[in-house]
file upload-v4.txt (compact mmCIF, C-alpha atoms)
# COMPACT_ATOMS: atom_id res chain seq x y z
CA MET A 1 0.00 0.00 0.00
CA THR A 2 1.35 3.45 -0.85
CA THR A 3 1.66 6.16 1.76
CA ALA A 4 1.04 9.14 -0.53
CA THR A 5 -0.09 12.24 1.33
CA LEU A 6 -3.73 13.14 0.83
CA THR A 7 -4.54 16.14 -1.35
CA PRO A 8 -6.14 19.22 0.25
CA ASP A 9 -9.35 18.37 -1.63
CA ALA A 10 -9.43 14.87 -0.17
CA ILE A 11 -8.79 16.19 3.36
CA SER A 12 -11.55 18.75 2.89
CA TRP A 13 -13.96 16.07 1.66
CA VAL A 14 -13.24 13.83 4.67
CA CYS A 15 -13.68 16.77 7.08
CA THR A 16 -17.01 17.72 5.52
CA ARG A 17 -18.34 14.16 5.46
CA VAL A 18 -17.33 13.50 9.09
CA ARG A 19 -18.89 16.82 10.17
CA ASP A 20 -22.15 16.03 8.34
CA ARG A 21 -22.42 12.58 9.85
CA SER A 22 -21.14 13.21 13.39
CA ALA A 23 -20.84 17.01 13.84
CA ILE A 24 -17.22 16.46 14.78
CA GLU A 25 -15.07 19.35 13.60
CA LEU A 26 -11.91 18.37 11.76
CA ASP A 27 -9.67 20.56 9.63
CA SER A 28 -6.41 20.32 7.69
CA SER A 29 -4.42 20.57 10.93
CA LYS A 30 -5.67 17.00 11.62
CA THR A 31 -4.20 15.60 8.36
CA TYR A 32 -1.89 13.27 10.27
CA LEU A 33 -4.83 11.92 12.31
CA ILE A 34 -6.94 11.41 9.17
CA GLU A 35 -4.16 9.50 7.43
CA ALA A 36 -3.38 7.43 10.54
CA ARG A 37 -7.02 6.46 11.08
CA LEU A 38 -8.09 5.89 7.47
CA GLY A 39 -5.02 3.94 6.34
CA PRO A 40 -6.11 0.78 8.21
CA VAL A 41 -9.71 1.14 6.90
CA ALA A 42 -8.42 1.31 3.33
CA ARG A 43 -6.14 -1.68 3.90
CA GLN A 44 -8.86 -3.79 5.56
CA ASN A 45 -11.17 -3.17 2.61
CA GLY A 46 -8.57 -4.05 -0.02
CA PHE A 47 -7.92 -0.55 -1.38
CA ALA A 48 -4.48 0.54 -2.55
CA ASP A 49 -4.61 3.78 -0.58
CA ILE A 50 -6.90 6.25 1.18
CA ASP A 51 -7.70 8.08 -2.07
CA GLU A 52 -9.11 4.86 -3.48
CA LEU A 53 -11.14 4.40 -0.28
CA ILE A 54 -12.54 7.92 -0.64
CA GLN A 55 -13.48 7.32 -4.28
CA ALA A 56 -15.30 4.14 -3.27
CA VAL A 57 -17.26 5.97 -0.57
CA LYS A 58 -18.14 8.76 -3.01
CA SER A 59 -19.43 6.30 -5.58
CA ASN A 60 -21.24 4.28 -2.89
CA ARG A 61 -19.55 1.11 -4.16
CA LYS A 62 -19.69 -0.81 -0.89
CA VAL A 63 -22.39 -0.87 1.78
CA GLY A 64 -21.22 0.37 5.17
CA LEU A 65 -17.97 1.86 3.89
CA GLU A 66 -18.95 5.41 4.77
CA SER A 67 -19.88 4.34 8.30
CA GLN A 68 -16.47 2.71 8.66
CA LEU A 69 -14.80 5.92 7.55
CA VAL A 70 -16.78 8.09 9.96
CA GLU A 71 -16.36 5.66 12.83
CA ALA A 72 -12.61 5.49 12.30
CA MET A 73 -12.43 9.27 12.69
CA THR A 74 -14.64 9.43 15.78
CA THR A 75 -13.21 6.71 17.99
CA ASN A 76 -11.65 8.28 21.06
CA GLU A 77 -8.73 7.21 23.14
CA THR A 78 -9.76 5.71 26.44
CA SER A 79 -8.28 3.84 29.35
CA PHE A 80 -9.34 2.29 32.62
CA PHE A 81 -9.77 4.80 35.50
CA ARG A 82 -8.79 7.64 33.20
CA ASP A 83 -7.78 10.78 35.18
CA LEU A 84 -8.62 9.05 38.50
CA HIS A 85 -10.18 12.15 40.09
CA PRO A 86 -13.79 11.50 38.98
CA PHE A 87 -13.59 8.05 40.53
CA GLU A 88 -12.36 9.58 43.79
CA ALA A 89 -15.33 11.98 43.68
CA LEU A 90 -17.69 9.04 43.16
CA ARG A 91 -16.24 7.17 46.13
CA LYS A 92 -15.86 10.04 48.58
CA THR A 93 -18.76 12.33 47.74
CA LEU A 94 -21.30 11.40 45.12
CA LEU A 95 -22.18 7.78 45.80
CA PRO A 96 -22.49 8.26 49.59
CA GLU A 97 -24.87 11.18 48.85
CA ILE A 98 -26.92 9.11 46.42
CA LYS A 99 -27.09 6.16 48.82
CA THR A 100 -28.68 8.44 51.41
CA ARG A 101 -30.89 10.37 49.00
CA GLN A 102 -32.21 7.32 47.16
CA ALA A 103 -32.33 4.82 50.00
CA ALA A 104 -36.07 4.43 49.50
CA THR A 105 -36.00 3.69 45.76
CA LYS A 106 -32.65 1.88 45.79
CA SER A 107 -31.97 2.81 42.20
CA LEU A 108 -28.80 4.20 40.60
CA ASN A 109 -28.31 5.04 36.92
CA ILE A 110 -24.94 5.99 35.44
CA TRP A 111 -24.24 6.83 31.80
CA SER A 112 -20.92 6.70 29.97
CA ALA A 113 -21.58 8.70 26.79
CA ALA A 114 -19.19 8.09 23.87
CA CYS A 115 -18.03 5.04 25.83
CA SER A 116 -15.65 3.75 23.16
CA SER A 117 -14.50 0.21 24.03
CA GLY A 118 -16.05 0.32 27.49
CA GLN A 119 -13.14 1.00 29.83
CA GLU A 120 -14.94 3.88 31.57
CA ILE A 121 -18.21 2.10 32.34
CA TYR A 122 -16.36 -1.07 33.38
CA SER A 123 -14.11 1.02 35.63
CA ILE A 124 -17.27 2.31 37.30
CA ALA A 125 -18.57 -1.26 37.64
CA MET A 126 -15.34 -2.41 39.31
CA HIS A 127 -15.34 0.70 41.51
CA LEU A 128 -18.88 -0.07 42.73
CA ARG A 129 -18.01 -3.69 43.50
CA GLU A 130 -14.86 -2.64 45.33
CA HIS A 131 -16.23 0.16 47.49
CA PHE A 132 -20.01 -0.18 47.52
CA ALA A 133 -20.76 -3.88 47.83
CA ASP A 134 -24.04 -2.98 49.55
CA LEU A 135 -25.34 -1.62 46.22
CA ALA A 136 -25.67 -5.23 45.08
CA SER A 137 -29.22 -5.11 46.44
CA TRP A 138 -29.99 -1.96 44.42
CA LYS A 139 -31.27 -1.65 40.87
CA VAL A 140 -28.10 -0.34 39.24
CA GLN A 141 -28.06 0.53 35.55
CA LEU A 142 -24.67 1.24 33.98
CA VAL A 143 -25.21 2.32 30.38
CA GLY A 144 -22.54 2.85 27.74
CA THR A 145 -23.37 4.48 24.41
CA ASP A 146 -21.35 5.19 21.29
CA LEU A 147 -22.07 5.92 17.64
CA SER A 148 -19.80 3.14 16.35
CA ASP A 149 -21.16 -0.37 15.89
CA ASP A 150 -17.66 -1.83 15.82
CA ILE A 151 -16.60 -0.19 19.04
CA LEU A 152 -19.84 -1.20 20.79
CA ALA A 153 -19.24 -4.81 19.76
CA ARG A 154 -15.79 -4.56 21.32
CA ALA A 155 -17.22 -3.03 24.48
CA LYS A 156 -19.81 -5.80 24.83
CA ALA A 157 -17.16 -8.48 24.32
CA ALA A 158 -15.16 -6.98 27.21
CA LYS A 159 -11.87 -8.41 25.96
CA PHE A 160 -8.83 -6.21 26.25
CA SER A 161 -5.23 -6.39 25.11
CA GLN A 162 -2.35 -6.49 27.54
CA ILE A 163 -1.47 -2.90 26.65
CA GLU A 164 -5.04 -1.83 27.45
CA VAL A 165 -5.11 -3.49 30.89
CA ASN A 166 -1.61 -2.17 31.58
CA ARG A 167 -2.95 1.38 31.34
CA GLY A 168 -4.58 2.87 34.41
CA LEU A 169 -5.94 -0.35 35.86
CA PRO A 170 -4.64 -1.12 39.37
CA THR A 171 -3.19 -4.65 39.41
CA PRO A 172 -5.30 -5.79 42.39
CA LEU A 173 -8.42 -5.02 40.29
CA LEU A 174 -6.92 -6.76 37.25
CA VAL A 175 -6.30 -10.05 39.04
CA LYS A 176 -9.66 -9.87 40.82
CA ASN A 177 -11.91 -8.98 37.86
CA PHE A 178 -10.25 -10.42 34.73
CA GLN A 179 -9.27 -13.81 33.42
CA ARG A 180 -6.42 -14.13 30.97
CA GLN A 181 -6.99 -15.91 27.66
CA GLY A 182 -3.69 -15.99 25.79
CA MET A 183 -2.73 -12.38 25.13
CA GLN A 184 -6.26 -11.17 25.87
CA TRP A 185 -7.77 -10.27 29.21
CA GLU A 186 -11.49 -10.90 29.56
CA LEU A 187 -13.69 -9.30 32.19
CA LYS A 188 -15.40 -11.84 34.42
CA PRO A 189 -19.13 -12.21 33.66
CA GLU A 190 -20.24 -10.78 37.01
CA VAL A 191 -18.59 -7.45 36.08
CA ARG A 192 -19.32 -7.55 32.35
CA ASN A 193 -23.03 -8.15 33.00
CA MET A 194 -23.32 -5.01 35.11
CA ALA A 195 -23.11 -2.83 31.98
CA THR A 196 -25.38 -2.54 28.95
CA PHE A 197 -24.52 -0.85 25.67
CA THR A 198 -26.67 1.04 23.17
CA LYS A 199 -25.93 2.81 19.92
CA LEU A 200 -26.37 6.55 20.22
CA ASN A 201 -25.16 9.41 18.03
CA LEU A 202 -25.12 12.52 20.22
CA ILE A 203 -26.27 14.77 17.36
CA GLU A 204 -29.05 12.56 16.07
CA ARG A 205 -32.30 11.33 17.58
CA TRP A 206 -31.63 9.49 20.84
CA PRO A 207 -33.13 6.14 21.82
CA PRO A 208 -35.15 6.02 25.09
CA LEU A 209 -32.87 6.46 28.10
CA PRO A 210 -33.51 6.33 31.83
CA GLN A 211 -33.03 9.37 34.07
CA PHE A 212 -29.38 9.34 35.05
CA ASP A 213 -27.87 10.25 38.41
CA ILE A 214 -24.36 10.56 37.00
CA VAL A 215 -23.29 11.26 33.42
CA PHE A 216 -19.76 10.87 32.09
CA LEU A 217 -19.31 12.92 28.91
CA ARG A 218 -15.56 13.32 29.01
CA ASN A 219 -13.37 14.52 26.16
CA VAL A 220 -16.29 14.53 23.75
CA LEU A 221 -17.49 18.14 23.54
CA ILE A 222 -14.02 19.34 22.52
CA TYR A 223 -14.67 17.91 19.05
CA PHE A 224 -17.83 19.97 18.44
CA ALA A 225 -18.58 23.56 17.46
CA PRO A 226 -20.20 25.75 20.18
CA ASP A 227 -23.76 25.49 18.81
CA THR A 228 -23.53 21.71 18.70
CA LYS A 229 -22.10 21.67 22.25
CA ARG A 230 -25.12 23.69 23.42
CA ALA A 231 -27.55 21.36 21.68
CA ILE A 232 -25.89 18.28 23.18
CA LEU A 233 -25.83 19.75 26.69
CA GLU A 234 -29.53 20.61 26.39
CA LYS A 235 -30.33 17.01 25.49
CA VAL A 236 -28.07 15.66 28.23
CA ARG A 237 -29.84 17.88 30.76
CA LYS A 238 -33.18 16.30 29.83
CA VAL A 239 -32.00 12.81 30.79
CA MET A 240 -30.47 13.93 34.08
CA ALA A 241 -32.40 13.30 37.30
CA PRO A 242 -32.80 16.14 39.82
CA LYS A 243 -29.43 16.78 41.56
CA ALA A 244 -27.65 14.63 38.97
CA VAL A 245 -24.06 15.45 38.09
CA LEU A 246 -22.13 15.64 34.84
CA PHE A 247 -18.42 14.91 34.39
CA LEU A 248 -16.64 16.57 31.49
CA GLY A 249 -13.02 16.29 30.37
CA ALA A 250 -10.40 18.46 32.06
CA ALA A 251 -10.30 20.83 29.07
CA GLU A 252 -14.11 21.15 28.84
CA THR A 253 -16.71 23.28 30.61
CA THR A 254 -20.40 24.17 30.48
CA MET A 255 -19.55 27.82 31.16
CA GLY A 256 -20.63 30.08 28.31
CA LEU A 257 -22.71 27.24 26.87
CA ASP A 258 -25.41 26.32 29.38
CA ALA A 259 -26.23 28.40 32.45
CA THR A 260 -28.33 25.69 34.10
CA PHE A 261 -25.21 23.86 35.26
CA GLU A 262 -23.10 24.96 38.21
CA ARG A 263 -19.46 24.01 38.56
CA VAL A 264 -18.61 22.08 41.73
CA GLN A 265 -15.08 21.42 42.94
CA ALA A 266 -14.64 18.47 45.30
CA ASP A 267 -11.02 17.82 46.30
CA ASN A 268 -9.18 17.46 42.97
CA SER A 269 -12.29 16.76 40.94
CA VAL A 270 -14.60 19.09 39.05
CA PHE A 271 -18.14 18.20 38.07
CA TYR A 272 -21.29 20.04 37.00
CA ARG A 273 -24.58 19.86 38.86
CA LEU A 274 -27.97 21.01 37.65
CA LYS A 275 -28.99 24.19 39.49
CA MET B 1 15.02 10.97 45.06
CA LEU B 2 16.71 7.65 44.48
CA ALA B 3 15.40 4.70 42.44
CA LEU B 4 16.82 1.17 42.48
CA ILE B 5 16.40 -0.75 39.22
CA ILE B 6 16.83 -4.53 39.48
CA ASP B 7 16.88 -6.46 36.21
CA ASP B 8 19.31 -8.97 34.75
CA SER B 9 18.97 -7.32 31.32
CA ARG B 10 21.29 -4.39 30.88
CA ALA B 11 19.10 -3.14 28.02
CA MET B 12 16.00 -3.13 30.24
CA ARG B 13 17.88 -1.35 33.04
CA ARG B 14 18.86 1.31 30.52
CA ILE B 15 15.26 1.68 29.28
CA LEU B 16 13.95 2.08 32.83
CA ARG B 17 16.72 4.52 33.73
CA ARG B 18 15.79 6.67 30.74
CA ILE B 19 12.18 6.79 31.92
CA VAL B 20 12.71 7.59 35.61
CA GLU B 21 15.68 9.97 35.41
CA PRO B 22 13.61 12.72 33.70
CA LEU B 23 11.08 12.31 36.53
CA GLY B 24 13.70 13.53 39.01
CA PHE B 25 15.23 10.24 40.19
CA SER B 26 18.88 9.38 40.55
CA VAL B 27 19.33 5.71 39.71
CA ILE B 28 21.31 2.79 41.10
CA GLU B 29 21.23 -0.59 39.39
CA ALA B 30 21.37 -4.24 40.39
CA GLU B 31 21.48 -7.41 38.28
CA HIS B 32 19.42 -9.69 40.55
CA GLY B 33 17.56 -9.72 43.85
CA GLN B 34 20.60 -10.43 46.09
CA ASP B 35 22.52 -7.66 44.33
CA GLY B 36 19.50 -5.42 44.98
CA LEU B 37 19.52 -6.22 48.73
CA ASN B 38 23.25 -5.46 48.81
CA GLN B 39 22.71 -2.13 47.03
CA LEU B 40 19.95 -1.20 49.46
CA ALA B 41 22.21 -1.96 52.45
CA GLN B 42 25.01 0.11 50.93
CA HIS B 43 22.61 3.06 50.67
CA ASP B 44 21.21 2.56 54.21
CA HIS B 45 17.88 1.62 52.58
CA ASP B 46 17.40 5.30 51.78
CA VAL B 47 15.71 4.57 48.45
CA ASP B 48 12.38 6.05 47.28
CA LEU B 49 11.39 3.60 44.55
CA ILE B 50 12.30 0.08 43.49
CA LEU B 51 11.58 -1.29 39.99
CA VAL B 52 12.21 -5.03 39.99
CA ASP B 53 11.98 -7.81 37.42
CA TRP B 54 10.54 -11.22 38.37
CA ASN B 55 12.66 -13.82 36.57
CA MET B 56 16.36 -13.32 37.36
CA PRO B 57 19.31 -15.57 38.27
CA VAL B 58 20.65 -15.89 41.87
CA MET B 59 17.54 -14.34 43.48
CA ASP B 60 14.26 -13.74 41.66
CA GLY B 61 12.05 -10.72 42.16
CA LEU B 62 9.44 -12.44 44.31
CA THR B 63 12.07 -13.72 46.75
CA PHE B 64 13.60 -10.23 46.80
CA ILE B 65 10.23 -8.72 47.77
CA LYS B 66 9.57 -11.31 50.46
CA THR B 67 13.04 -10.81 51.95
CA LEU B 68 12.67 -7.04 51.82
CA ARG B 69 9.22 -6.97 53.44
CA ALA B 70 10.28 -9.53 56.11
CA ASN B 71 13.00 -7.19 57.37
CA LYS B 72 11.09 -4.96 59.75
CA GLU B 73 14.12 -2.70 60.17
CA VAL B 74 13.70 -1.48 56.60
CA PRO B 75 11.17 1.30 55.96
CA ARG B 76 8.46 0.45 53.44
CA ILE B 77 9.79 1.37 50.01
CA THR B 78 7.37 1.62 47.07
CA THR B 79 8.05 -1.34 44.81
CA VAL B 80 6.84 -1.91 41.25
CA MET B 81 7.38 -5.20 39.48
CA VAL B 82 8.24 -4.78 35.78
CA THR B 83 7.89 -8.21 34.29
CA THR B 84 6.78 -10.58 31.56
CA GLU B 85 5.01 -12.62 34.25
CA THR B 86 1.29 -12.25 33.51
CA GLU B 87 -0.28 -15.26 35.19
CA PRO B 88 -3.00 -13.78 37.43
CA ALA B 89 -2.43 -16.27 40.25
CA HIS B 90 1.29 -15.45 40.27
CA MET B 91 0.57 -11.74 40.21
CA ALA B 92 -1.79 -12.16 43.15
CA ARG B 93 1.01 -13.94 45.06
CA ALA B 94 3.36 -11.03 44.43
CA LEU B 95 0.73 -8.54 45.60
CA MET B 96 0.28 -10.60 48.78
CA ALA B 97 4.06 -10.51 49.25
CA GLY B 98 4.00 -6.72 49.19
CA VAL B 99 4.44 -5.52 45.60
CA ASP B 100 2.64 -2.20 45.14
CA GLU B 101 2.01 -2.42 41.39
CA PHE B 102 2.79 -4.35 38.23
CA VAL B 103 3.85 -3.16 34.81
CA MET B 104 3.65 -5.92 32.25
CA LYS B 105 6.26 -6.00 29.49
CA PRO B 106 6.04 -4.74 26.81
CA PHE B 107 5.11 -1.29 28.05
CA THR B 108 5.48 2.36 27.10
CA PRO B 109 7.01 5.13 29.25
CA GLU B 110 3.52 6.57 29.70
CA ILE B 111 2.23 3.30 31.18
CA LEU B 112 4.99 3.23 33.80
CA ILE B 113 4.54 6.91 34.63
CA GLU B 114 0.74 6.48 34.98
CA LYS B 115 1.27 3.54 37.33
CA LEU B 116 3.71 5.53 39.47
CA GLN B 117 1.21 8.39 39.68
CA MET B 118 -1.57 5.94 40.50
CA ILE B 119 0.23 4.62 43.57
CA GLY B 120 1.16 8.10 44.73
CA VAL B 121 4.85 8.26 43.82
CA ALA B 122 5.88 11.93 43.88
CA ILE B 123 7.35 12.59 40.46
CA GLY B 124 8.35 15.70 38.57
CA ASP B 125 7.12 16.63 35.13
CA PRO B 126 8.77 14.33 32.64
CA THR B 127 11.10 16.24 30.34
CA TYR B 128 11.00 14.02 27.26
call {"tool": "encode", "arguments": {"input": "upload-v4.txt", "output": "structure tokens"}}
result
Amino acid sequence: MTTATLTPDAISWVCTRVRDRSAIELDSSKTYLIEARLGPVARQNGFADIDELIQAVKSNRKVGLESQLVEAMTTNETSFFRDLHPFEALRKTLLPEIKTRQAATKSLNIWSAACSSGQEIYSIAMHLREHFADLASWKVQLVGTDLSDDILARAKAAKFSQIEVNRGLPTPLLVKNFQRQGMQWELKPEVRNMATFTKLNLIERWPPLPQFDIVFLRNVLIYFAPDTKRAILEKVRKVMAPKAVLFLGAAETTMGLDATFERVQADNSVFYRLK
Amino acid sequence: MLALIIDDSRAMRRILRRIVEPLGFSVIEAEHGQDGLNQLAQHDHDVDLILVDWNMPVMDGLTFIKTLRANKEVPRITTVMVTTETEPAHMARALMAGVDEFVMKPFTPEILIEKLQMIGVAIGDPTY
């Protein structure tokens, strides 16, 4: 396969198509990323290079090819217990509050939006088992959503490479919650079955969702233009229960976008609560 | 801050040195567990971090950890096992013996740095 650099026209076409399908903003400064992500898609589909892949998408020669292209550009990096601080906030502040507040209903709903291959929602599952064993008698819904079919299939399978479990996952939790199968590490069923996964494109019509007590929407809004961020936050707000909280990435904020959220700092963690 | 790197592979010791020196550590090296115990004694056990392999000649990493933790005169030094050993039951044994964390080979500098941060090792900003 050749490694010819994409023409400005091809870059522009990819940026436009990805924006139309996912609202994610790319530009020519992301040329390296586009080439790195689309090279494997071209190779897997038997094309000589990315240009040939683009021509095939344009001429609609192969069903599902455009989805593959868009999904390749929208899959985010993730790792177990990423950034640590939100998990500390869950343990020290938020889950004790919820346990008191919802002791009568005994229900807890947590959403990992743009969940990628599932490390975030499974980190939450392991965290609950480790520190809140008494929640086993509650109705706990841990929901992961993503726009990519491929990545959701990976999340449901709950099989991770050694590099993936090496990143961010404390070894005591690895040996307790995973079984090794060759070079793969598979989550034990009792953890895997705590999470469910649903396809959801943040900018399209959403499937029915429960009212969530905690929403993780981390490192997602940075890819969108301000108007799209506002629209997404408005929809997120509608599936948040009273007093629910929202976690964003460290470089993200609701400020200037949605005045119904207030920023809360707890120890080293920042989250946003509905006013 | 002082780090002790114990590995029978000179290449691996060099790789680990290149990761931890930019984090603010001075480094001493040992080729096996007994050598590591000797190095610790020579430095009055005034070491902040130990990175130790599992499979080594003379004294393996697990025996090193058990010997180290059994000596109540020695302050508790943060110890990370950097190893190809990935059998969960074996890893659980090492944790029981007092290893603080594992890094499975192969790994990237970022993986080791994340693990050090995770277990609360005070490190400077890496200057790669």
call {"tool": "axis_aligned_box", "arguments": {"input": "upload-v4.txt", "around": "range 222-230 of chain A", "padding_each_side": "8 Å", "output": "lines of an AutoDock Vina configuration file"}}
result
center_x = -19.6
center_y = 21.8
center_z = 20.4
size_x = 27.1
size_y = 23.8
size_z = 22.0
call {"tool": "atom_distance", "arguments": {"input": "upload-v4.txt", "atom1": "CA of Leu4 in chain B", "atom2": "CA of Lys176 in chain A"}}
result
28.7 Å
call {"tool": "closest_atom_pairs", "arguments": {"input": "upload-v4.txt", "of": "chain A", "to": "chain B", "cutoff": "10 Å", "atoms": "all atoms listed in the file", "output": "CSV"}}
result
residue,atom,partner,partner_atom,distance
A:Phe81,CA,B:Met118,CA,9.7
A:Arg82,CA,B:Glu114,CA,9.8
A:Asp83,CA,B:Met118,CA,9.5
A:Leu84,CA,B:Met118,CA,8.0
A:Gln162,CA,B:Met104,CA,7.6
A:Ile163,CA,B:Phe107,CA,6.9
A:Glu164,CA,B:Ile111,CA,9.6
A:Val165,CA,B:Met104,CA,9.2
A:Asn166,CA,B:Val103,CA,6.4
A:Arg167,CA,B:Ile111,CA,5.5
A:Gly168,CA,B:Glu114,CA,6.5
A:Leu169,CA,B:Lys115,CA,8.3
A:Pro170,CA,B:Glu101,CA,7.1
A:Thr171,CA,B:Glu101,CA,6.0
A:Pro172,CA,B:Ala92,CA,7.3
A:Leu174,CA,B:Pro88,CA,8.0
A:Val175,CA,B:Pro88,CA,5.2
A:Lys176,CA,B:Pro88,CA,8.4
A:Phe178,CA,B:Pro88,CA,8.4
A:Gln179,CA,B:Pro88,CA,7.4
A:Arg180,CA,B:Pro88,CA,7.3
A:Gly182,CA,B:Thr86,CA,9.9
A:Met183,CA,B:Thr86,CA,9.3
call {"tool": "residues_around", "arguments": {"input": "upload-v4.txt", "residues": "Glu190 in chain A", "least_positions_apart": "6", "cutoff": "10 Å", "atoms": "only C-alpha atoms", "output": "JSON, numbers by chain"}}
result
{"A": [125, 126, 129, 177]}
call {"tool": "atom_distance", "arguments": {"input": "upload-v4.txt", "atom1": "CA of Ser79 in chain A", "atom2": "CA of Ala225 in chain A"}}
result
25.2 Å
